[in-house]
Structures are given as C-alpha cells and as structure tokens.
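entry-v4.txt follows; it contains compact mmCIF, C-alpha atoms and all ligand atoms.
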```txt
# COMPACT_ATOMS: atom_id res chain seq x y z
CA MET A 1 5.21 -23.83 -20.26
CA PHE A 2 5.78 -21.15 -17.61
CA LYS A 3 2.07 -20.87 -16.84
CA ASP A 4 1.72 -24.61 -16.22
CA LYS A 5 4.91 -24.94 -14.24
CA PHE A 6 4.02 -22.01 -11.97
CA ARG A 7 0.32 -22.88 -11.66
CA GLU A 8 0.61 -22.72 -7.86
CA GLY A 9 2.38 -19.38 -8.11
CA ILE A 10 5.88 -18.02 -7.48
CA ILE A 11 7.12 -19.44 -4.20
CA SER A 12 10.89 -19.89 -4.42
CA ALA A 13 13.72 -18.84 -6.72
CA ARG A 14 14.91 -22.46 -6.48
CA ASP A 15 12.07 -23.46 -8.79
CA PHE A 16 13.50 -21.36 -11.61
CA TYR A 17 15.75 -22.76 -14.29
CA ARG A 18 17.40 -20.90 -17.10
CA GLU A 19 14.56 -21.35 -19.60
CA ASP A 20 11.97 -20.09 -17.07
CA ILE A 21 14.07 -17.01 -16.32
CA GLU A 22 14.77 -16.24 -19.96
CA TYR A 23 11.08 -16.58 -20.74
CA ILE A 24 9.94 -14.17 -18.02
CA LEU A 25 12.77 -11.72 -18.78
CA GLN A 26 11.54 -11.58 -22.36
CA LYS A 27 8.00 -11.02 -21.14
CA GLY A 28 9.29 -8.29 -18.79
CA HIS A 29 11.08 -6.70 -21.71
CA GLU A 30 7.86 -6.64 -23.74
CA MET A 31 6.06 -5.00 -20.80
CA LEU A 32 8.46 -2.04 -20.97
CA SER A 33 6.40 -0.78 -23.88
CA VAL A 34 2.95 -1.64 -22.49
CA LYS A 35 1.76 1.26 -20.37
CA ASN A 36 -1.90 0.34 -20.05
CA SER A 37 -3.87 -2.63 -21.26
CA ASN A 38 -7.00 -4.54 -20.32
CA ILE A 39 -5.70 -8.09 -20.50
CA LEU A 40 -6.54 -8.67 -16.82
CA SER A 41 -9.90 -6.96 -16.85
CA GLY A 42 -12.30 -8.71 -14.47
CA LYS A 43 -9.43 -10.26 -12.45
CA ILE A 44 -8.82 -9.48 -8.80
CA LEU A 45 -5.49 -9.54 -7.00
CA ALA A 46 -5.30 -9.69 -3.18
CA THR A 47 -2.20 -8.22 -1.53
CA LEU A 48 -1.76 -9.52 2.03
CA PHE A 49 1.14 -7.73 3.69
CA PHE A 50 2.00 -8.67 7.27
CA GLU A 51 5.25 -6.66 7.11
CA PRO A 52 6.04 -3.12 5.91
CA SER A 53 6.45 -2.52 2.18
CA THR A 54 6.59 0.37 -0.24
CA ARG A 55 7.88 -0.87 -3.59
CA THR A 56 6.72 -4.46 -3.63
CA ARG A 57 3.11 -3.84 -2.69
CA LEU A 58 2.65 -0.68 -4.70
CA SER A 59 4.31 -2.07 -7.81
CA PHE A 60 2.14 -5.20 -7.69
CA GLU A 61 -0.96 -3.06 -7.23
CA SER A 62 0.06 -0.62 -9.93
CA ALA A 63 0.86 -3.51 -12.29
CA MET A 64 -2.57 -5.00 -11.72
CA HIS A 65 -4.28 -1.65 -12.37
CA ARG A 66 -2.15 -1.02 -15.47
CA LEU A 67 -3.29 -4.35 -16.90
CA GLY A 68 -6.94 -3.57 -16.26
CA GLY A 69 -7.45 -5.66 -13.13
CA ASN A 70 -8.59 -4.82 -9.60
CA VAL A 71 -6.92 -5.03 -6.20
CA ILE A 72 -8.06 -5.79 -2.65
CA GLY A 73 -5.94 -6.37 0.44
CA PHE A 74 -4.37 -5.09 3.62
CA GLN A 75 -1.04 -3.52 4.50
CA SER A 76 -0.61 -4.78 8.02
CA GLY A 77 -1.50 -7.87 10.06
CA ASP A 78 -2.93 -5.48 12.66
CA VAL A 79 -6.03 -4.77 10.61
CA SER A 80 -6.91 -8.35 9.63
CA SER A 81 -8.46 -11.14 11.69
CA ILE A 82 -4.95 -12.55 12.29
CA LYS A 83 -4.97 -9.95 15.06
CA LYS A 84 -7.94 -11.81 16.60
CA GLY A 85 -5.98 -15.04 16.45
CA GLU A 86 -7.01 -16.41 13.07
CA SER A 87 -4.42 -18.74 11.52
CA LEU A 88 -2.68 -17.91 8.25
CA ALA A 89 -4.19 -21.06 6.73
CA ASP A 90 -7.73 -19.90 7.55
CA THR A 91 -7.01 -16.42 6.21
CA ILE A 92 -5.81 -17.90 2.91
CA ARG A 93 -8.81 -20.26 2.65
CA THR A 94 -11.06 -17.24 3.10
CA VAL A 95 -9.34 -14.70 0.86
CA GLU A 96 -9.05 -17.11 -2.06
CA ASN A 97 -12.81 -16.88 -2.45
CA TYR A 98 -12.53 -13.18 -3.18
CA CYS A 99 -9.75 -13.05 -5.76
CA ASP A 100 -7.81 -14.81 -8.53
CA CYS A 101 -4.30 -14.54 -7.08
CA ILE A 102 -2.74 -13.72 -3.70
CA VAL A 103 0.50 -11.81 -3.10
CA ILE A 104 1.74 -12.41 0.43
CA ARG A 105 4.53 -10.95 2.58
CA HIS A 106 4.91 -12.52 6.01
CA PRO A 107 7.71 -12.66 8.61
CA MET A 108 7.58 -16.46 8.88
CA GLU A 109 10.03 -18.48 6.78
CA GLY A 110 8.05 -20.85 4.62
CA SER A 111 4.88 -18.73 4.87
CA ALA A 112 4.29 -18.52 1.13
CA LYS A 113 4.86 -22.24 0.69
CA MET A 114 2.37 -22.94 3.44
CA ALA A 115 -0.15 -20.54 1.90
CA ALA A 116 0.20 -22.37 -1.42
CA ARG A 117 -0.69 -25.66 0.28
CA PHE A 118 -4.03 -24.23 1.38
CA ALA A 119 -4.92 -22.28 -1.74
CA ASN A 120 -6.36 -23.31 -5.08
CA ILE A 121 -5.27 -20.09 -6.76
CA PRO A 122 -1.71 -18.87 -7.45
CA ILE A 123 0.27 -17.51 -4.50
CA ILE A 124 3.09 -15.03 -5.07
CA ASN A 125 5.78 -14.82 -2.41
CA ALA A 126 6.52 -11.14 -1.77
CA GLY A 127 8.94 -11.93 1.06
CA SER A 128 8.95 -14.87 3.48
CA GLY A 129 10.95 -13.96 6.59
CA SER A 130 14.67 -13.76 5.90
CA LYS A 131 14.47 -16.62 3.43
CA GLU A 132 13.21 -15.58 0.02
CA HIS A 133 11.88 -12.79 -2.17
CA PRO A 134 11.76 -14.33 -5.64
CA THR A 135 9.97 -11.58 -7.55
CA GLN A 136 12.54 -9.05 -6.34
CA ALA A 137 15.27 -11.30 -7.72
CA LEU A 138 13.44 -11.54 -11.05
CA LEU A 139 13.23 -7.76 -11.28
CA ASP A 140 16.91 -7.54 -10.32
CA LEU A 141 17.78 -9.81 -13.23
CA LEU A 142 15.55 -7.83 -15.58
CA THR A 143 17.41 -4.68 -14.49
CA ILE A 144 20.84 -6.21 -15.08
CA ASN A 145 19.84 -7.78 -18.39
CA GLU A 146 18.31 -4.57 -19.73
CA GLU A 147 21.13 -2.34 -18.49
CA MET A 148 24.13 -4.57 -19.26
CA GLY A 149 22.61 -6.37 -22.23
CA LYS A 150 23.56 -9.76 -20.77
CA LEU A 151 23.80 -11.92 -17.68
CA ASP A 152 26.41 -14.47 -18.74
CA GLY A 153 29.98 -13.41 -18.14
CA ILE A 154 29.38 -10.72 -15.54
CA ASN A 155 31.27 -10.23 -12.29
CA ILE A 156 28.73 -9.38 -9.62
CA GLY A 157 29.29 -8.38 -6.01
CA VAL A 158 26.45 -9.07 -3.59
CA MET A 159 27.12 -7.05 -0.49
CA GLY A 160 25.74 -6.23 2.96
CA ASP A 161 23.51 -8.43 5.07
CA LEU A 162 23.86 -11.83 3.43
CA LYS A 163 22.65 -13.67 6.53
CA TYR A 164 19.22 -12.11 6.96
CA GLY A 165 18.65 -10.46 3.56
CA ARG A 166 16.03 -12.43 1.68
CA THR A 167 16.62 -10.64 -1.61
CA VAL A 168 20.21 -11.88 -1.80
CA HIS A 169 19.19 -15.48 -1.19
CA SER A 170 16.72 -15.43 -4.07
CA LEU A 171 19.12 -13.47 -6.28
CA ALA A 172 21.93 -15.97 -5.76
CA MET A 173 19.59 -18.86 -6.66
CA LEU A 174 18.54 -17.19 -9.90
CA LEU A 175 22.09 -16.17 -10.82
CA SER A 176 23.18 -19.77 -10.39
CA ASN A 177 21.56 -20.50 -13.75
CA PHE A 178 24.01 -18.25 -15.55
CA ASP A 179 27.74 -18.21 -16.12
CA VAL A 180 28.56 -15.51 -13.58
CA ASN A 181 31.27 -14.88 -10.99
CA ILE A 182 29.69 -13.97 -7.67
CA TYR A 183 31.51 -12.17 -4.87
CA PHE A 184 29.66 -12.44 -1.56
CA ILE A 185 30.82 -9.41 0.43
CA SER A 186 29.80 -9.05 4.08
CA PRO A 187 31.01 -8.56 7.62
CA GLU A 188 32.04 -11.87 9.18
CA GLU A 189 28.85 -11.95 11.31
CA LEU A 190 26.56 -11.56 8.30
CA LYS A 191 27.99 -14.11 5.88
CA MET A 192 25.65 -16.15 3.75
CA ARG A 193 24.45 -19.16 5.70
CA GLY A 194 25.96 -22.58 5.03
CA ARG A 195 22.75 -24.11 3.68
CA TYR A 196 22.56 -21.58 0.83
CA LYS A 197 26.25 -21.88 0.01
CA GLU A 198 26.09 -25.67 -0.01
CA TYR A 199 23.13 -25.59 -2.36
CA LEU A 200 24.80 -23.08 -4.69
CA TYR A 201 28.10 -24.90 -4.69
CA GLN A 202 27.01 -28.54 -4.72
CA GLN A 203 23.74 -28.51 -6.63
CA ARG A 204 24.24 -25.54 -8.93
CA LYS A 205 28.05 -25.52 -9.32
CA VAL A 206 28.19 -21.74 -8.90
CA LYS A 207 31.50 -19.91 -8.88
CA PHE A 208 31.58 -17.68 -5.82
CA LYS A 209 34.10 -16.15 -3.43
CA GLU A 210 33.51 -14.67 0.00
CA LEU A 211 35.23 -11.52 1.23
CA THR A 212 34.81 -8.61 3.61
CA ASN A 213 36.71 -5.79 1.92
CA TYR A 214 34.86 -4.82 -1.27
CA ARG A 215 37.66 -2.49 -2.33
CA LYS A 216 39.67 -5.56 -3.28
CA VAL A 217 37.29 -6.31 -6.16
CA LEU A 218 35.81 -2.90 -7.01
CA ASP A 219 37.80 -2.53 -10.22
CA ILE A 220 36.67 -5.86 -11.68
CA LEU A 221 32.94 -5.72 -10.83
CA ASP A 222 30.34 -5.10 -13.53
CA VAL A 223 27.54 -4.96 -11.00
CA LEU A 224 27.40 -4.37 -7.26
CA TYR A 225 24.17 -5.33 -5.51
CA MET A 226 24.16 -3.51 -2.21
CA THR A 227 21.74 -4.32 0.63
CA ARG A 228 20.52 -2.92 3.93
CA ILE A 229 21.46 -4.48 7.26
CA GLN A 230 18.15 -6.09 8.29
CA LYS A 231 17.67 -4.54 11.73
CA GLU A 232 14.31 -6.23 12.34
CA ARG A 233 15.82 -9.73 12.06
CA PHE A 234 18.51 -9.31 14.73
CA ALA A 235 17.81 -11.07 18.04
CA ASP A 236 20.48 -8.87 19.64
CA LEU A 237 20.20 -5.15 18.84
CA GLU A 238 23.71 -4.50 20.16
CA GLU A 239 25.00 -6.71 17.39
CA TYR A 240 23.05 -4.61 14.89
CA GLU A 241 24.59 -1.43 16.31
CA ARG A 242 28.05 -2.92 15.80
CA VAL A 243 27.53 -3.71 12.11
CA LYS A 244 24.98 -1.13 10.96
CA ASN A 245 27.49 1.24 9.36
CA PHE A 246 29.98 -1.39 8.29
CA TYR A 247 29.71 -0.39 4.62
CA VAL A 248 29.07 3.09 3.27
CA PHE A 249 29.53 3.22 -0.49
CA SER A 250 30.82 6.67 -1.45
CA ARG A 251 31.82 8.80 -4.40
CA LYS A 252 35.43 7.74 -3.86
CA ASP A 253 34.39 4.09 -4.27
CA LEU A 254 32.38 4.84 -7.39
CA LYS A 255 35.45 6.38 -8.98
CA GLN A 256 37.29 3.06 -8.70
CA THR A 257 34.70 1.21 -10.76
CA LYS A 258 34.63 0.30 -14.46
CA ASP A 259 33.03 2.73 -16.91
CA ASN A 260 29.95 0.59 -17.44
CA PHE A 261 29.64 -0.44 -13.77
CA LYS A 262 26.11 -0.48 -12.26
CA LEU A 263 25.14 -0.11 -8.62
CA LEU A 264 21.89 -1.81 -7.62
CA HIS A 265 20.00 -1.95 -4.32
CA PRO A 266 16.56 -3.47 -3.64
CA LEU A 267 15.84 -0.48 -1.32
CA PRO A 268 15.07 0.82 1.23
CA ARG A 269 18.53 2.29 1.67
CA ILE A 270 19.59 3.43 5.12
CA ASN A 271 23.24 4.59 5.28
CA GLU A 272 24.94 2.13 2.99
CA ILE A 273 25.00 4.34 -0.13
CA THR A 274 25.78 8.06 0.13
CA PRO A 275 22.92 10.04 -1.45
CA SER A 276 25.46 12.28 -3.18
CA ILE A 277 26.02 9.56 -5.81
CA ASP A 278 22.32 9.09 -6.59
CA ASN A 279 22.61 11.12 -9.77
CA SER A 280 25.48 9.13 -11.23
CA GLU A 281 24.67 7.08 -14.33
CA LYS A 282 26.15 4.13 -12.49
CA SER A 283 23.58 4.36 -9.68
CA ILE A 284 20.50 2.64 -11.03
CA TYR A 285 18.59 1.68 -7.87
CA PHE A 286 15.67 3.99 -8.59
CA LYS A 287 15.52 2.86 -12.20
CA GLN A 288 15.48 -0.68 -10.77
CA THR A 289 12.22 0.11 -8.95
CA GLY A 290 10.73 0.96 -12.35
CA TYR A 291 11.79 -2.41 -13.74
CA GLY A 292 9.94 -3.86 -10.74
CA LEU A 293 6.66 -2.63 -12.15
CA HIS A 294 7.32 -4.22 -15.53
CA MET A 295 8.46 -7.54 -14.09
CA ARG A 296 5.34 -7.67 -11.91
CA LYS A 297 3.15 -6.90 -14.91
CA ALA A 298 4.86 -9.80 -16.70
CA ILE A 299 4.31 -12.17 -13.77
CA LEU A 300 0.66 -11.24 -13.29
CA ALA A 301 -0.08 -11.47 -17.00
CA GLU A 302 1.56 -14.86 -17.18
CA LEU A 303 -0.30 -16.27 -14.17
CA LEU A 304 -3.69 -14.69 -14.76
CA GLU A 305 -4.32 -13.99 -18.42
CA ASP A 306 -6.99 -16.31 -19.88
C1 LIG B 1 13.47 -5.77 0.48
C2 LIG B 1 12.70 -6.72 1.36
O1 LIG B 1 11.57 -6.46 1.78
O2 LIG B 1 13.26 -7.80 1.60
N1 LIG B 1 12.69 -4.69 0.06
C3 LIG B 1 12.04 -4.76 -1.16
O3 LIG B 1 11.16 -5.56 -1.34
N2 LIG B 1 12.48 -3.95 -2.13
C4 LIG B 1 14.77 -5.35 1.01
C5 LIG B 1 14.87 -4.81 2.40
O4 LIG B 1 13.87 -4.63 3.09
O5 LIG B 1 16.00 -4.54 2.81
```

Represent the structure of the file as structure tokens.
Ligand code: NCD
Amino acid sequence: MFKDKFREGIISARDFYREDIEYILQKGHEMLSVKNSNILSGKILATLFFEPSTRTRLSFESAMHRLGGNVIGFQSGDVSSIKKGESLADTIRTVENYCDCIVIRHPMEGSAKMAARFANIPIINAGSGSKEHPTQALLDLLTINEEMGKLDGINIGVMGDLKYGRTVHSLAMLLSNFDVNIYFISPEELKMRGRYKEYLYQQRKVKFKELTNYRKVLDILDVLYMTRIQKERFADLEEYERVKNFYVFSRKDLKQTKDNFKLLHPLPRINEITPSIDNSEKSIYFKQTGYGLHMRKAILAELLED
C-alpha cells in the first residue's frame, strides 16, 4: 500500500515504482474533481522553505486548505532559528511537535533524507539542492498523463540545465518506470551527471540519447520538458553568463512540432521560452501548475487521511 510504503514521506523519486506512480496518478486524477473537502480537518502541515518558492509552497498550502487542514511554516531560513545557528536536525525535532507532516525545501543535497531520519512524521521533499524534487516530477507525470492520455510510448525531450536542475533528475527517475524514449538535450557543460545516467541505464534500462541541438528531434517529440538554467547553483557566474541564453524556444520552433505536441516547464521561466507562444494550445506550463495543486492534494490525502 502507498500509505505504508511512504510512511516516512516522499523523499526521492528513486523510491517510486510503476505501481506506486499509477496509484498516485489515479488519486491525482480523482482530485481534479474535488474542489473543497474536509478529509484533512484537524491536521496541520508545516512548510519549511529555506529557498525561494512560488508554486511549490503555495500549491502545498492551498492543497492543505482545500482539504480542510491547516498550515504553519516559514518562507525563508532568515526568519527561523537556523539564522541563530540551530541545526536542521534540531529544527525538525522541534517542528514535528507542532504538525502532522513537514514539507521542506533546502539547498543541501540530502536534506530531506536527513530530516526524515530525525522525524517521526512524514517528510515531503520539496527540493533538496540540485538533486531531487520528487513531487514536481509526480505533477509533471500527472500533466503528461492527463494531457496525452498515456505515458508509455511517448518521445520526450528533457532540455536545459540537466546538471543542476533537480526537477529533471526526479523526472527521469519516474519516467524510467515507463516505456518511453528520452532525449536529454543540453549544452555540453550542463549534461546530466554520470551518476544519474549510470543509474538510469544500468539499473532501470532506460532508453535515452543525449544531444545539444533540439531541432534535430523536434518533429518526433510528443513532449518537450524545458527548464531554466539554475543560476544559483553555478560556482562560476561567468560560466552562467556563457550558457544562460543557450536555448530560446520560439514560435518558429513550435511550428516544427507534431499536432498534439505539448511543451512543459516546471517554471519559473527566464528567457528559455518566448512569451509570445504562451497562448498556444501546445504550451501547457501554466496548466501544469494547476495539476500541481491536484497532485499535492493527492499526496497529502494519501499521507495524512485517517
Ligand atoms: C523548480 C525548482 O525549484 O527546482 N521550481 C519549481 O518547483 N516549480 C524549478 C526551478 O527553480 O528552475
């Protein structure tokens, strides 16, 4: 059972196998028609965000309110006792006394896993450094499944900052459970790191290709998942300046795509998609943010409902 398996929370996309994903996608689908409910009445969610966020935090908070629960938390490490030097472990051991579940975003890789070691309530990883963002990947799959009607058999391009982008790492892990062709598209400097590729190739037998020029595959893609170059993760800002405008997806590009092609992006977008294509039926990145609410309702209901 999903609830038993994820008793400690949602830490890594690696923990998800096909049956877990199908189960939560179905639950997410059911949530599309649940606007308000009181299934989590009396429950409290804590959102601890040590890095900026718009969609992830607000959709988790909205989801909790929509299901009748309450929310506490902070939006920046600057306003918590971490600023005074308190350790993350001590913060977790404190906050768990005030709530039923903790959503955490922290710049340190492995932060959510560490938090789970110290907590007796479920921890949800809302972004751990450049490593993982599993609930984003779940909402990405919900978006694709709802919009394309399937996951098996699709050709998907995953493009942009594949080195530092945590959403693409989690997405690739989840996709590895399906029969998909993945095209990893990035500048040479921002290729997916070896440890992820080895895992995908050796342990999960995923079919993927790496390339730099997305135009070579535009006409065969069903989905393109575009990402932002992660400025805050670069040790050398000159390197960021060199690659920041490497890809700009335009109207001309969109014209080359299949009729039922879909363009996704976890957002925020900087320059990598021209705003002039926002109104195209193929551009579904804002719709995707809506699916985020429903997936987070599904996750919270699953972890917290009595
Ligand atoms: C992403 C993140 O925080 O990793 N944002 C999000 O949660 N939608 C993507 C990004 O910041 O580029």

Selection: 6 Å around region 164-171 of chain A, all atoms listed in the file, excl. self and same-chain fewer than 4 positions, as a list in words
Ala13, Ser130, Lys131, Glu132, His133, Pro134 and Ala137 of chain A

At what distance in Å, to one decimal, does atom C4 of ligand LIG 1 (chain B) lie from CA of Asp219 (chain A)?
25.8 Å

Residues of chain A that have any atom at most 7 Å from an atom of ligand LIG 1 (chain B): could you tabulate them with the shortest-distance atom pair and the distance in Å to one decimal, using only C-alpha atoms and all ligand atoms, ordered by chain and increasing number, as CSV?
```
residue,atom,partner,partner_atom,distance
A:Ser53,CA,B:LIG1,O1,6.5
A:Arg55,CA,B:LIG1,N2,5.7
A:Thr56,CA,B:LIG1,O3,5.1
A:Gly127,CA,B:LIG1,O2,6.0
A:His133,CA,B:LIG1,O2,6.4
A:Gln136,CA,B:LIG1,O3,6.3
A:Gly165,CA,B:LIG1,O2,6.3
A:Arg166,CA,B:LIG1,O2,5.4
A:Thr167,CA,B:LIG1,O2,5.4
A:Thr227,CA,B:LIG1,O5,6.1
A:Arg228,CA,B:LIG1,O5,4.9
A:Gln230,CA,B:LIG1,O5,6.1
A:Pro266,CA,B:LIG1,N2,4.4
A:Leu267,CA,B:LIG1,N2,4.9
A:Pro268,CA,B:LIG1,O5,5.7
```

Non-local contacts of Leu162 (chain A) (9 Å; only C-alpha atoms; under 6 positions in same chain excluded) as a short mmCIF file (atom, residue, chain, number, x, y, z; two decimals) with C-alpha atoms, in the frame of the given file:
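Saved as out_31.cif:
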```
data_model
loop_
_atom_site.label_atom_id
_atom_site.label_comp_id
_atom_site.auth_asym_id
_atom_site.auth_seq_id
_atom_site.Cartn_x
_atom_site.Cartn_y
_atom_site.Cartn_z
CA VAL A 168 20.21 -11.88 -1.80
CA HIS A 169 19.19 -15.48 -1.19
CA PHE A 184 29.66 -12.44 -1.56
CA ILE A 185 30.82 -9.41 0.43
CA SER A 186 29.80 -9.05 4.08
CA PRO A 187 31.01 -8.56 7.62
CA LEU A 190 26.56 -11.56 8.30
CA LYS A 191 27.99 -14.11 5.88
CA MET A 192 25.65 -16.15 3.75
CA ARG A 193 24.45 -19.16 5.70
CA THR A 227 21.74 -4.32 0.63
CA ILE A 229 21.46 -4.48 7.26
#
```

Contacts of Val71 (chain A) within 6 Å, only C-alpha atoms, excl. fewer than 2 positions in-chain, as a PDB file with C-alpha atoms, keeping the file's coordinate frame:
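Result file is part.pdb:
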```pdb
ATOM      1  CA  ILE A  44      -8.820  -9.480  -8.800  1.00  0.00           C
ATOM      2  CA  LEU A  45      -5.490  -9.540  -7.000  1.00  0.00           C
ATOM      3  CA  ALA A  46      -5.300  -9.690  -3.180  1.00  0.00           C
TER       4      ALA A  46
END
```

Test item: which residues lie within 10 Å of (-10.8, -12.1, -1.1) counting only C-alpha atoms, as a VMD selection string
chain A and resid 44 to 48 71 to 73 91 to 102

What does the file look like for those residues with C-alpha atoms, as a PDB file, in the frame of the given file?
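Ended up saving to part.pdb:
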```
ATOM      1  CA  ILE A  44      -8.820  -9.480  -8.800  1.00  0.00           C
ATOM      2  CA  LEU A  45      -5.490  -9.540  -7.000  1.00  0.00           C
ATOM      3  CA  ALA A  46      -5.300  -9.690  -3.180  1.00  0.00           C
ATOM      4  CA  THR A  47      -2.200  -8.220  -1.530  1.00  0.00           C
ATOM      5  CA  LEU A  48      -1.760  -9.520   2.030  1.00  0.00           C
ATOM      6  CA  VAL A  71      -6.920  -5.030  -6.200  1.00  0.00           C
ATOM      7  CA  ILE A  72      -8.060  -5.790  -2.650  1.00  0.00           C
ATOM      8  CA  GLY A  73      -5.940  -6.370   0.440  1.00  0.00           C
ATOM      9  CA  THR A  91      -7.010 -16.420   6.210  1.00  0.00           C
ATOM     10  CA  ILE A  92      -5.810 -17.900   2.910  1.00  0.00           C
ATOM     11  CA  ARG A  93      -8.810 -20.260   2.650  1.00  0.00           C
ATOM     12  CA  THR A  94     -11.060 -17.240   3.100  1.00  0.00           C
ATOM     13  CA  VAL A  95      -9.340 -14.700   0.860  1.00  0.00           C
ATOM     14  CA  GLU A  96      -9.050 -17.110  -2.060  1.00  0.00           C
ATOM     15  CA  ASN A  97     -12.810 -16.880  -2.450  1.00  0.00           C
ATOM     16  CA  TYR A  98     -12.530 -13.180  -3.180  1.00  0.00           C
ATOM     17  CA  CYS A  99      -9.750 -13.050  -5.760  1.00  0.00           C
ATOM     18  CA  ASP A 100      -7.810 -14.810  -8.530  1.00  0.00           C
ATOM     19  CA  CYS A 101      -4.300 -14.540  -7.080  1.00  0.00           C
ATOM     20  CA  ILE A 102      -2.740 -13.720  -3.700  1.00  0.00           C
TER      21      ILE A 102
END
```

Every residue with an atom at most 10 Å from (-16.7, -8.9, -13.5) (file coordinates; all atoms listed in the file) is what I'm after, so could you write them as a ChimeraX atom specification?
/A:41-44,69-70

Residues near region 77-83 of chain A, cut-off 6 Å, all atoms listed in the file, skip fewer than 2 positions along chain, as a PyMOL selection string
chain A and resi 50+85-86
